[in-house]
$ cat input.cif   # mmCIF, N, CA, C and O atoms and all ligand atoms
data_target
loop_
_atom_site.label_atom_id
_atom_site.label_comp_id
_atom_site.auth_asym_id
_atom_site.auth_seq_id
_atom_site.Cartn_x
_atom_site.Cartn_y
_atom_site.Cartn_z
N MET A 1126 -27.80 3.02 96.64
CA MET A 1126 -29.25 3.25 96.55
C MET A 1126 -29.97 2.20 97.40
O MET A 1126 -29.77 1.01 97.22
N LYS A 1127 -30.78 2.70 98.35
CA LYS A 1127 -31.51 1.78 99.23
C LYS A 1127 -32.86 1.40 98.59
O LYS A 1127 -33.55 2.26 98.03
N CYS A 1128 -33.23 0.15 98.71
CA CYS A 1128 -34.51 -0.31 98.18
C CYS A 1128 -35.65 0.37 98.95
O CYS A 1128 -35.66 0.35 100.19
N PRO A 1129 -36.60 0.98 98.23
CA PRO A 1129 -37.71 1.64 98.92
C PRO A 1129 -38.68 0.66 99.59
O PRO A 1129 -39.49 1.06 100.43
N LYS A 1130 -38.60 -0.63 99.22
CA LYS A 1130 -39.51 -1.60 99.80
C LYS A 1130 -38.94 -2.23 101.06
O LYS A 1130 -39.62 -2.34 102.06
N CYS A 1131 -37.67 -2.68 100.99
CA CYS A 1131 -37.12 -3.42 102.12
C CYS A 1131 -35.93 -2.73 102.77
O CYS A 1131 -35.48 -3.16 103.83
N GLY A 1132 -35.38 -1.69 102.14
CA GLY A 1132 -34.30 -0.92 102.73
C GLY A 1132 -32.91 -1.47 102.49
O GLY A 1132 -31.92 -0.88 102.93
N LYS A 1133 -32.79 -2.61 101.80
CA LYS A 1133 -31.47 -3.18 101.54
C LYS A 1133 -30.80 -2.46 100.36
O LYS A 1133 -31.46 -1.78 99.58
N GLU A 1134 -29.49 -2.63 100.24
CA GLU A 1134 -28.73 -1.97 99.18
C GLU A 1134 -29.11 -2.57 97.82
O GLU A 1134 -29.18 -3.79 97.66
N MET A 1135 -29.39 -1.69 96.83
CA MET A 1135 -29.75 -2.14 95.49
C MET A 1135 -28.50 -2.23 94.63
O MET A 1135 -27.48 -1.60 94.92
N ILE A 1136 -28.56 -3.02 93.57
CA ILE A 1136 -27.44 -3.21 92.66
C ILE A 1136 -27.66 -2.33 91.43
O ILE A 1136 -28.71 -2.39 90.79
N ALA A 1137 -26.68 -1.49 91.07
CA ALA A 1137 -26.80 -0.62 89.90
C ALA A 1137 -26.63 -1.41 88.62
O ALA A 1137 -25.88 -2.39 88.56
N GLY A 1138 -27.35 -1.00 87.56
CA GLY A 1138 -27.23 -1.65 86.26
C GLY A 1138 -27.78 -0.75 85.19
O GLY A 1138 -27.94 0.46 85.40
N GLU A 1139 -28.07 -1.31 84.02
CA GLU A 1139 -28.60 -0.55 82.90
C GLU A 1139 -29.72 -1.35 82.25
O GLU A 1139 -29.77 -2.56 82.37
N MET A 1140 -30.59 -0.68 81.54
CA MET A 1140 -31.68 -1.35 80.86
C MET A 1140 -31.27 -1.72 79.43
O MET A 1140 -30.51 -1.00 78.81
N GLY A 1141 -31.79 -2.81 78.95
CA GLY A 1141 -31.52 -3.22 77.57
C GLY A 1141 -32.72 -2.93 76.68
O GLY A 1141 -33.77 -2.51 77.14
N ILE A 1142 -32.52 -3.14 75.39
CA ILE A 1142 -33.58 -2.93 74.42
C ILE A 1142 -33.53 -4.06 73.40
O ILE A 1142 -32.45 -4.48 72.99
N SER A 1143 -34.71 -4.56 73.04
CA SER A 1143 -34.73 -5.63 72.05
C SER A 1143 -34.68 -5.04 70.65
O SER A 1143 -34.95 -3.85 70.45
N ALA A 1144 -34.33 -5.85 69.66
CA ALA A 1144 -34.25 -5.37 68.28
C ALA A 1144 -35.60 -4.81 67.84
O ALA A 1144 -35.66 -3.78 67.18
N ASN A 1145 -36.68 -5.46 68.21
CA ASN A 1145 -38.00 -4.98 67.81
C ASN A 1145 -38.34 -3.65 68.45
O ASN A 1145 -38.95 -2.80 67.82
N SER A 1146 -37.91 -3.44 69.70
CA SER A 1146 -38.24 -2.19 70.38
C SER A 1146 -37.59 -1.00 69.67
O SER A 1146 -38.16 0.07 69.61
N SER A 1147 -36.40 -1.20 69.11
CA SER A 1147 -35.69 -0.08 68.50
C SER A 1147 -36.40 0.42 67.24
O SER A 1147 -36.15 1.53 66.80
N ILE A 1148 -37.26 -0.40 66.65
CA ILE A 1148 -38.00 0.07 65.48
C ILE A 1148 -39.48 0.28 65.81
O ILE A 1148 -40.31 0.39 64.91
N GLY A 1149 -39.80 0.34 67.07
CA GLY A 1149 -41.12 0.77 67.49
C GLY A 1149 -42.19 -0.30 67.56
O GLY A 1149 -43.36 0.02 67.70
N ARG A 1150 -41.84 -1.55 67.47
CA ARG A 1150 -42.87 -2.59 67.54
C ARG A 1150 -43.35 -2.82 68.96
O ARG A 1150 -44.44 -3.28 69.17
N SER A 1151 -42.51 -2.54 69.91
CA SER A 1151 -42.93 -2.61 71.30
C SER A 1151 -42.26 -1.47 72.05
O SER A 1151 -41.13 -1.13 71.76
N THR A 1152 -42.96 -0.89 72.95
CA THR A 1152 -42.46 0.25 73.71
C THR A 1152 -42.83 0.06 75.16
O THR A 1152 -43.96 -0.27 75.49
N LEU A 1153 -41.88 0.26 76.02
CA LEU A 1153 -42.12 0.15 77.46
C LEU A 1153 -42.70 1.46 77.98
O LEU A 1153 -42.25 2.54 77.59
N PHE A 1154 -43.70 1.38 78.80
CA PHE A 1154 -44.25 2.59 79.40
C PHE A 1154 -44.81 2.28 80.77
O PHE A 1154 -45.06 1.13 81.12
N TRP A 1155 -44.99 3.34 81.53
CA TRP A 1155 -45.62 3.26 82.84
C TRP A 1155 -46.94 4.02 82.75
O TRP A 1155 -47.01 5.04 82.06
N ALA A 1156 -47.95 3.53 83.39
CA ALA A 1156 -49.23 4.25 83.44
C ALA A 1156 -49.91 3.93 84.77
O ALA A 1156 -49.68 2.88 85.37
N PRO A 1157 -50.79 4.84 85.22
CA PRO A 1157 -51.55 4.57 86.44
C PRO A 1157 -52.43 3.33 86.26
O PRO A 1157 -52.90 3.05 85.16
N LYS A 1158 -52.68 2.63 87.34
CA LYS A 1158 -53.46 1.39 87.29
C LYS A 1158 -54.83 1.62 86.68
O LYS A 1158 -55.34 0.78 85.95
N GLU A 1159 -55.45 2.77 86.98
CA GLU A 1159 -56.80 3.01 86.48
C GLU A 1159 -56.85 3.10 84.95
O GLU A 1159 -57.87 2.80 84.33
N VAL A 1160 -55.72 3.49 84.34
CA VAL A 1160 -55.67 3.53 82.87
C VAL A 1160 -55.75 2.10 82.32
O VAL A 1160 -56.47 1.83 81.36
N PHE A 1161 -55.03 1.17 82.95
CA PHE A 1161 -55.07 -0.23 82.51
C PHE A 1161 -56.47 -0.81 82.76
O PHE A 1161 -56.95 -1.63 81.98
N ASN A 1162 -57.10 -0.40 83.85
CA ASN A 1162 -58.42 -0.91 84.17
C ASN A 1162 -59.49 -0.39 83.21
O ASN A 1162 -60.47 -1.07 82.92
N ARG A 1163 -59.30 0.83 82.71
CA ARG A 1163 -60.32 1.50 81.91
C ARG A 1163 -60.23 1.15 80.42
O ARG A 1163 -61.23 1.13 79.72
N LEU A 1164 -59.01 0.91 79.92
CA LEU A 1164 -58.81 0.70 78.49
C LEU A 1164 -58.49 -0.76 78.18
O LEU A 1164 -57.78 -1.42 78.94
N LEU A 1165 -59.01 -1.25 77.09
CA LEU A 1165 -58.72 -2.62 76.67
C LEU A 1165 -57.24 -2.71 76.26
O LEU A 1165 -56.69 -1.77 75.70
N PRO A 1166 -56.61 -3.84 76.56
CA PRO A 1166 -55.18 -3.98 76.26
C PRO A 1166 -54.83 -3.69 74.80
O PRO A 1166 -53.79 -3.10 74.52
N ASN A 1167 -55.70 -4.08 73.87
CA ASN A 1167 -55.37 -3.87 72.45
C ASN A 1167 -55.54 -2.42 72.01
O ASN A 1167 -55.16 -2.07 70.90
N THR A 1168 -56.12 -1.58 72.86
CA THR A 1168 -56.25 -0.16 72.51
C THR A 1168 -55.27 0.70 73.30
O THR A 1168 -55.18 1.90 73.07
N LEU A 1169 -54.56 0.10 74.24
CA LEU A 1169 -53.66 0.87 75.10
C LEU A 1169 -52.25 0.88 74.51
O LEU A 1169 -51.44 0.01 74.78
N THR A 1170 -51.99 1.89 73.68
CA THR A 1170 -50.65 2.08 73.13
C THR A 1170 -49.88 2.99 74.09
O THR A 1170 -50.46 3.62 74.97
N ALA A 1171 -48.57 3.06 73.87
CA ALA A 1171 -47.74 3.95 74.69
C ALA A 1171 -48.21 5.39 74.53
O ALA A 1171 -48.28 6.15 75.50
N LYS A 1172 -48.56 5.77 73.29
CA LYS A 1172 -49.01 7.15 73.03
C LYS A 1172 -50.29 7.44 73.81
O LYS A 1172 -50.44 8.50 74.42
N LYS A 1173 -51.22 6.47 73.82
CA LYS A 1173 -52.47 6.65 74.55
C LYS A 1173 -52.19 6.73 76.05
O LYS A 1173 -52.78 7.54 76.76
N ALA A 1174 -51.29 5.87 76.53
CA ALA A 1174 -50.95 5.87 77.95
C ALA A 1174 -50.39 7.23 78.37
O ALA A 1174 -50.75 7.76 79.41
N VAL A 1175 -49.51 7.79 77.52
CA VAL A 1175 -48.92 9.10 77.82
C VAL A 1175 -50.01 10.17 77.86
O VAL A 1175 -50.02 11.03 78.74
N SER A 1176 -50.98 10.08 76.94
CA SER A 1176 -52.07 11.07 76.92
C SER A 1176 -52.96 10.93 78.15
O SER A 1176 -53.71 11.85 78.49
N GLU A 1177 -52.91 9.78 78.80
CA GLU A 1177 -53.71 9.53 80.00
C GLU A 1177 -52.90 9.70 81.29
O GLU A 1177 -53.30 9.23 82.35
N GLY A 1178 -51.72 10.33 81.17
CA GLY A 1178 -50.91 10.56 82.36
C GLY A 1178 -49.78 9.58 82.56
O GLY A 1178 -49.07 9.63 83.57
N GLY A 1179 -49.59 8.69 81.61
CA GLY A 1179 -48.50 7.72 81.69
C GLY A 1179 -47.17 8.31 81.25
O GLY A 1179 -47.10 9.47 80.84
N VAL A 1180 -46.14 7.51 81.33
CA VAL A 1180 -44.79 7.94 80.96
C VAL A 1180 -44.17 6.87 80.07
O VAL A 1180 -44.15 5.69 80.44
N GLN A 1181 -43.70 7.28 78.90
CA GLN A 1181 -42.99 6.35 78.03
C GLN A 1181 -41.60 6.15 78.59
O GLN A 1181 -40.94 7.11 78.97
N ILE A 1182 -41.17 4.92 78.70
CA ILE A 1182 -39.85 4.62 79.25
C ILE A 1182 -38.90 4.39 78.09
O ILE A 1182 -38.94 3.35 77.43
N LYS A 1183 -38.10 5.41 77.83
CA LYS A 1183 -37.15 5.34 76.73
C LYS A 1183 -35.93 4.57 77.20
O LYS A 1183 -35.34 4.89 78.22
N ILE A 1184 -35.58 3.56 76.43
CA ILE A 1184 -34.44 2.71 76.78
C ILE A 1184 -33.28 3.07 75.86
O ILE A 1184 -33.36 2.86 74.65
N GLY A 1185 -32.23 3.64 76.43
CA GLY A 1185 -31.05 3.98 75.63
C GLY A 1185 -30.36 2.73 75.10
O GLY A 1185 -30.33 1.71 75.78
N ASN A 1186 -29.80 2.83 73.90
CA ASN A 1186 -29.17 1.65 73.30
C ASN A 1186 -27.68 1.57 73.56
O ASN A 1186 -27.02 0.62 73.16
N GLY A 1187 -27.11 2.60 74.21
CA GLY A 1187 -25.69 2.58 74.54
C GLY A 1187 -24.80 2.94 73.36
O GLY A 1187 -23.57 2.91 73.50
N ILE A 1188 -25.38 3.26 72.21
CA ILE A 1188 -24.59 3.60 71.02
C ILE A 1188 -24.86 5.05 70.65
O ILE A 1188 -23.96 5.88 70.65
N THR A 1189 -26.12 5.37 70.32
CA THR A 1189 -26.46 6.74 69.95
C THR A 1189 -26.90 7.56 71.16
O THR A 1189 -27.04 8.77 71.07
N ASN A 1190 -27.16 6.92 72.28
CA ASN A 1190 -27.46 7.60 73.54
C ASN A 1190 -27.07 6.68 74.68
O ASN A 1190 -26.76 5.51 74.47
N ASN A 1191 -27.01 7.22 75.88
CA ASN A 1191 -26.59 6.43 77.04
C ASN A 1191 -27.62 5.35 77.36
O ASN A 1191 -28.82 5.55 77.14
N ARG A 1192 -27.16 4.23 77.88
CA ARG A 1192 -28.10 3.22 78.35
C ARG A 1192 -28.88 3.77 79.53
O ARG A 1192 -28.39 4.60 80.28
N THR A 1193 -30.11 3.32 79.68
CA THR A 1193 -30.95 3.74 80.80
C THR A 1193 -30.43 3.09 82.08
O THR A 1193 -30.28 1.87 82.13
N ALA A 1194 -30.15 3.92 83.08
CA ALA A 1194 -29.62 3.40 84.34
C ALA A 1194 -30.74 2.81 85.18
O ALA A 1194 -31.87 3.30 85.15
N GLY A 1195 -30.46 1.76 85.89
CA GLY A 1195 -31.45 1.15 86.76
C GLY A 1195 -30.79 0.48 87.95
O GLY A 1195 -29.59 0.26 87.97
N TYR A 1196 -31.60 0.19 88.95
CA TYR A 1196 -31.12 -0.46 90.16
C TYR A 1196 -32.11 -1.58 90.49
O TYR A 1196 -33.31 -1.42 90.29
N ILE A 1197 -31.56 -2.69 90.98
CA ILE A 1197 -32.44 -3.79 91.37
C ILE A 1197 -32.12 -4.23 92.79
O ILE A 1197 -30.96 -4.22 93.20
N CYS A 1198 -33.15 -4.58 93.54
CA CYS A 1198 -32.98 -5.20 94.85
C CYS A 1198 -33.13 -6.70 94.63
O CYS A 1198 -34.18 -7.16 94.19
N ARG A 1199 -32.07 -7.44 94.88
CA ARG A 1199 -32.09 -8.89 94.65
C ARG A 1199 -33.02 -9.61 95.62
O ARG A 1199 -33.47 -10.71 95.35
N ASP A 1200 -33.30 -8.98 96.76
CA ASP A 1200 -34.13 -9.64 97.76
C ASP A 1200 -35.61 -9.61 97.40
O ASP A 1200 -36.31 -10.60 97.52
N CYS A 1201 -36.11 -8.44 96.93
CA CYS A 1201 -37.55 -8.34 96.67
C CYS A 1201 -37.84 -8.03 95.19
O CYS A 1201 -39.00 -7.82 94.85
N ASN A 1202 -36.81 -8.02 94.34
CA ASN A 1202 -36.97 -7.80 92.89
C ASN A 1202 -37.54 -6.43 92.55
O ASN A 1202 -38.10 -6.25 91.48
N CYS A 1203 -37.41 -5.45 93.43
CA CYS A 1203 -37.83 -4.09 93.14
C CYS A 1203 -36.80 -3.46 92.19
O CYS A 1203 -35.60 -3.55 92.42
N VAL A 1204 -37.27 -2.87 91.10
CA VAL A 1204 -36.39 -2.22 90.12
C VAL A 1204 -36.74 -0.74 90.05
O VAL A 1204 -37.89 -0.38 89.93
N LEU A 1205 -35.72 0.09 90.14
CA LEU A 1205 -35.88 1.54 89.96
C LEU A 1205 -35.15 1.94 88.69
O LEU A 1205 -34.02 1.50 88.47
N LEU A 1206 -35.77 2.77 87.86
CA LEU A 1206 -35.14 3.23 86.62
C LEU A 1206 -34.84 4.71 86.72
O LEU A 1206 -35.63 5.47 87.26
N ASP A 1207 -33.72 5.10 86.15
CA ASP A 1207 -33.34 6.51 86.07
C ASP A 1207 -33.54 6.90 84.60
O ASP A 1207 -32.67 6.67 83.77
N LEU A 1208 -34.72 7.42 84.28
CA LEU A 1208 -35.13 7.61 82.89
C LEU A 1208 -34.34 8.68 82.16
O LEU A 1208 -33.95 9.69 82.74
N ILE A 1209 -34.17 8.46 80.84
CA ILE A 1209 -33.55 9.43 79.95
C ILE A 1209 -34.55 10.57 79.76
O ILE A 1209 -35.73 10.33 79.57
N LYS A 1210 -34.06 11.81 79.82
CA LYS A 1210 -34.96 12.96 79.62
C LYS A 1210 -35.10 13.27 78.15
O LYS A 1210 -34.25 13.01 77.37
ZN ZN A 1301 -35.85 -4.74 98.48
#

$ encode --input "input.cif" --output "structure tokens" --more "lines below"
Ligand SMILES: [Zn+2]
Amino acid sequence: MKCPKCGKEMIAGEMGISANSSIGRSTLFWAPKEVFNRLLPNTLTAKKAVSEGGVQIKIGNGITNNRTAGYICRDCNCVLLDLIK
């Protein structure tokens, strides 16, 4: 996998999950920048982000489902995730 920023070869890996994340205390998500600009941080939950066009990033635990695959470029720290459907 080539890094989309610098073109160098990325290193394959998997995403981890913290104990708190597995019981829903924190959830990783992606959202457009304008969503972060428009909503106060304390009102921006993953559910709200998804309703605004964001994507919840489900992190597999490697036990009941596969770990989330990811790639990192060591040169520019760009990370690509291969999300669980
Ligand atoms: Zn790179």

$ select_by_dssp --input "input.cif" --residues "chain A" --states "helix (DSSP H, G or I)" --output "list in words"
Ala1144, Asn1145, Ser1146, Ser1147, Lys1158, Glu1159, Val1160, Phe1161, Asn1162, Arg1163, Pro1166, Asn1167, Thr1168, Ala1171, Lys1172, Lys1173, Ala1174, Val1175 and Ser1176 of chain A

$ residues_near_ligand --input "input.cif" --ligand "ligand ZN 1301 (chain A)" --cutoff "8 Å" --atoms "only N, CA, C and O atoms and all ligand atoms" --output "list of chain:residue names"
A:Lys1127, A:Cys1128, A:Pro1129, A:Lys1130, A:Cys1131, A:Gly1132, A:Lys1133, A:Glu1134, A:Met1135, A:Ile1197, A:Cys1198, A:Arg1199, A:Asp1200, A:Cys1201, A:Asn1202, A:Cys1203, A:Val1204

$ residues_around --input "input.cif" --residues "range 1163-1178 of chain A" --least-positions-apart "3" --cutoff "8 Å" --atoms "only N, CA, C and O atoms" --output "list in words"
Ser1151, Thr1152, Leu1153, Phe1154, Trp1155, Ala1156, Pro1157, Lys1158, Glu1159, Val1160, Gln1181 and Ile1182 of chain A

$ write_last_selection --input "input.cif" --atoms "N, CA, C and O atoms" --output "mmCIF file, in the frame of the given file"
data_model
loop_
_atom_site.group_PDB
_atom_site.id
_atom_site.type_symbol
_atom_site.label_atom_id
_atom_site.label_comp_id
_atom_site.auth_asym_id
_atom_site.auth_seq_id
_atom_site.Cartn_x
_atom_site.Cartn_y
_atom_site.Cartn_z
ATOM 1 N N SER A 1151 -42.510 -2.540 69.910
ATOM 2 C CA SER A 1151 -42.930 -2.610 71.300
ATOM 3 C C SER A 1151 -42.260 -1.470 72.050
ATOM 4 O O SER A 1151 -41.130 -1.130 71.760
ATOM 5 N N THR A 1152 -42.960 -0.890 72.950
ATOM 6 C CA THR A 1152 -42.460 0.250 73.710
ATOM 7 C C THR A 1152 -42.830 0.060 75.160
ATOM 8 O O THR A 1152 -43.960 -0.270 75.490
ATOM 9 N N LEU A 1153 -41.880 0.260 76.020
ATOM 10 C CA LEU A 1153 -42.120 0.150 77.460
ATOM 11 C C LEU A 1153 -42.700 1.460 77.980
ATOM 12 O O LEU A 1153 -42.250 2.540 77.590
ATOM 13 N N PHE A 1154 -43.700 1.380 78.800
ATOM 14 C CA PHE A 1154 -44.250 2.590 79.400
ATOM 15 C C PHE A 1154 -44.810 2.280 80.770
ATOM 16 O O PHE A 1154 -45.060 1.130 81.120
ATOM 17 N N TRP A 1155 -44.990 3.340 81.530
ATOM 18 C CA TRP A 1155 -45.620 3.260 82.840
ATOM 19 C C TRP A 1155 -46.940 4.020 82.750
ATOM 20 O O TRP A 1155 -47.010 5.040 82.060
ATOM 21 N N ALA A 1156 -47.950 3.530 83.390
ATOM 22 C CA ALA A 1156 -49.230 4.250 83.440
ATOM 23 C C ALA A 1156 -49.910 3.930 84.770
ATOM 24 O O ALA A 1156 -49.680 2.880 85.370
ATOM 25 N N PRO A 1157 -50.790 4.840 85.220
ATOM 26 C CA PRO A 1157 -51.550 4.570 86.440
ATOM 27 C C PRO A 1157 -52.430 3.330 86.260
ATOM 28 O O PRO A 1157 -52.900 3.050 85.160
ATOM 29 N N LYS A 1158 -52.680 2.630 87.340
ATOM 30 C CA LYS A 1158 -53.460 1.390 87.290
ATOM 31 C C LYS A 1158 -54.830 1.620 86.680
ATOM 32 O O LYS A 1158 -55.340 0.780 85.950
ATOM 33 N N GLU A 1159 -55.450 2.770 86.980
ATOM 34 C CA GLU A 1159 -56.800 3.010 86.480
ATOM 35 C C GLU A 1159 -56.850 3.100 84.950
ATOM 36 O O GLU A 1159 -57.870 2.800 84.330
ATOM 37 N N VAL A 1160 -55.720 3.490 84.340
ATOM 38 C CA VAL A 1160 -55.670 3.530 82.870
ATOM 39 C C VAL A 1160 -55.750 2.100 82.320
ATOM 40 O O VAL A 1160 -56.470 1.830 81.360
ATOM 41 N N GLN A 1181 -43.700 7.280 78.900
ATOM 42 C CA GLN A 1181 -42.990 6.350 78.030
ATOM 43 C C GLN A 1181 -41.600 6.150 78.590
ATOM 44 O O GLN A 1181 -40.940 7.110 78.970
ATOM 45 N N ILE A 1182 -41.170 4.920 78.700
ATOM 46 C CA ILE A 1182 -39.850 4.620 79.250
ATOM 47 C C ILE A 1182 -38.900 4.390 78.090
ATOM 48 O O ILE A 1182 -38.940 3.350 77.430
#

$ atom_distance --input "input.cif" --atom1 "atom C of Gly1195 in chain A" --atom2 "atom O of Val1180 in chain A"
16.2 Å

$ closest_residue --input "input.cif" --among "A:Gly1179, A:Met1140, A:Asn1162, A:Asn1190" --to "Leu1206 in chain A" --atoms "only C-alpha atoms"
A:Met1140

$ select_by_dssp --input "input.cif" --residues "chain A" --states "strand (DSSP E)" --output "MDAnalysis selection string"
chainID A and resid 1136:1139 1154:1155 1180:1181 1194:1197 1204:1207

$ atom_distance --input "input.cif" --atom1 "CA of Met1126 in chain A" --atom2 "CA of Asn1186 in chain A"
23.3 Å

$ atom_distance --input "input.cif" --atom1 "atom O of Lys1210 in chain A" --atom2 "CA of Ile1188 in chain A"
14.9 Å

$ residues_around --input "input.cif" --residues "Ile1184 in chain A" --least-positions-apart "3" --cutoff "7 Å" --atoms "all atoms listed in the file" --output "ChimeraX atom specification"
/A:1140-1142,1153,1181,1187,1191-1193,1209

$ axis_aligned_box --input "input.cif" --around "range 1187-1204 of chain A" --padding-each-side "3 Å" --output "JSON"
{"center_x": -31.3, "center_y": -1.0, "center_z": 83.9, "size_x": 21.4, "size_y": 25.5, "size_z": 33.8}

$ build_atoms --input "input.cif" --residues "range 1180-1188 of chain A" --atoms "all heavy atoms" --output "tab-separated table (two decimals), keeping the file's coordinate frame"
chain	number	residue	atom	x	y	z
A	1180	VAL	N	-46.14	7.51	81.33
A	1180	VAL	CA	-44.79	7.94	80.96
A	1180	VAL	C	-44.17	6.87	80.07
A	1180	VAL	O	-44.15	5.69	80.44
A	1180	VAL	CB	-43.90	8.14	82.22
A	1180	VAL	CG1	-42.48	8.49	81.82
A	1180	VAL	CG2	-44.49	9.21	83.12
A	1181	GLN	N	-43.70	7.28	78.90
A	1181	GLN	CA	-42.99	6.35	78.03
A	1181	GLN	C	-41.60	6.15	78.59
A	1181	GLN	O	-40.94	7.11	78.97
A	1181	GLN	CB	-42.90	6.89	76.61
A	1181	GLN	CG	-42.24	5.92	75.65
A	1181	GLN	CD	-42.25	6.41	74.21
A	1181	GLN	OE1	-43.02	7.30	73.86
A	1181	GLN	NE2	-41.41	5.83	73.40
A	1182	ILE	N	-41.17	4.92	78.70
A	1182	ILE	CA	-39.85	4.62	79.25
A	1182	ILE	C	-38.90	4.39	78.09
A	1182	ILE	O	-38.94	3.35	77.43
A	1182	ILE	CB	-39.92	3.39	80.19
A	1182	ILE	CG1	-40.86	3.70	81.35
A	1182	ILE	CG2	-38.53	3.03	80.69
A	1182	ILE	CD1	-41.15	2.53	82.25
A	1183	LYS	N	-38.10	5.41	77.83
A	1183	LYS	CA	-37.15	5.34	76.73
A	1183	LYS	C	-35.93	4.57	77.20
A	1183	LYS	O	-35.34	4.89	78.22
A	1183	LYS	CB	-36.77	6.74	76.27
A	1183	LYS	CG	-37.95	7.52	75.73
A	1183	LYS	CD	-37.56	8.94	75.39
A	1183	LYS	CE	-38.79	9.70	74.90
A	1183	LYS	NZ	-38.53	11.13	74.74
A	1184	ILE	N	-35.58	3.56	76.43
A	1184	ILE	CA	-34.44	2.71	76.78
A	1184	ILE	C	-33.28	3.07	75.86
A	1184	ILE	O	-33.36	2.86	74.65
A	1184	ILE	CB	-34.80	1.22	76.62
A	1184	ILE	CG1	-36.03	0.86	77.47
A	1184	ILE	CG2	-33.62	0.35	76.98
A	1184	ILE	CD1	-35.83	1.00	78.96
A	1185	GLY	N	-32.23	3.64	76.43
A	1185	GLY	CA	-31.05	3.98	75.63
A	1185	GLY	C	-30.36	2.73	75.10
A	1185	GLY	O	-30.33	1.71	75.78
A	1186	ASN	N	-29.80	2.83	73.90
A	1186	ASN	CA	-29.17	1.65	73.30
A	1186	ASN	C	-27.68	1.57	73.56
A	1186	ASN	O	-27.02	0.62	73.16
A	1186	ASN	CB	-29.45	1.62	71.78
A	1186	ASN	CG	-28.91	2.84	71.07
A	1186	ASN	OD1	-28.09	3.58	71.60
A	1186	ASN	ND2	-29.38	3.05	69.85
A	1187	GLY	N	-27.11	2.60	74.21
A	1187	GLY	CA	-25.69	2.58	74.54
A	1187	GLY	C	-24.80	2.94	73.36
A	1187	GLY	O	-23.57	2.91	73.50
A	1188	ILE	N	-25.38	3.26	72.21
A	1188	ILE	CA	-24.59	3.60	71.02
A	1188	ILE	C	-24.86	5.05	70.65
A	1188	ILE	O	-23.96	5.88	70.65
A	1188	ILE	CB	-24.92	2.66	69.85
A	1188	ILE	CG1	-24.57	1.22	70.24
A	1188	ILE	CG2	-24.16	3.08	68.58
A	1188	ILE	CD1	-25.08	0.17	69.28
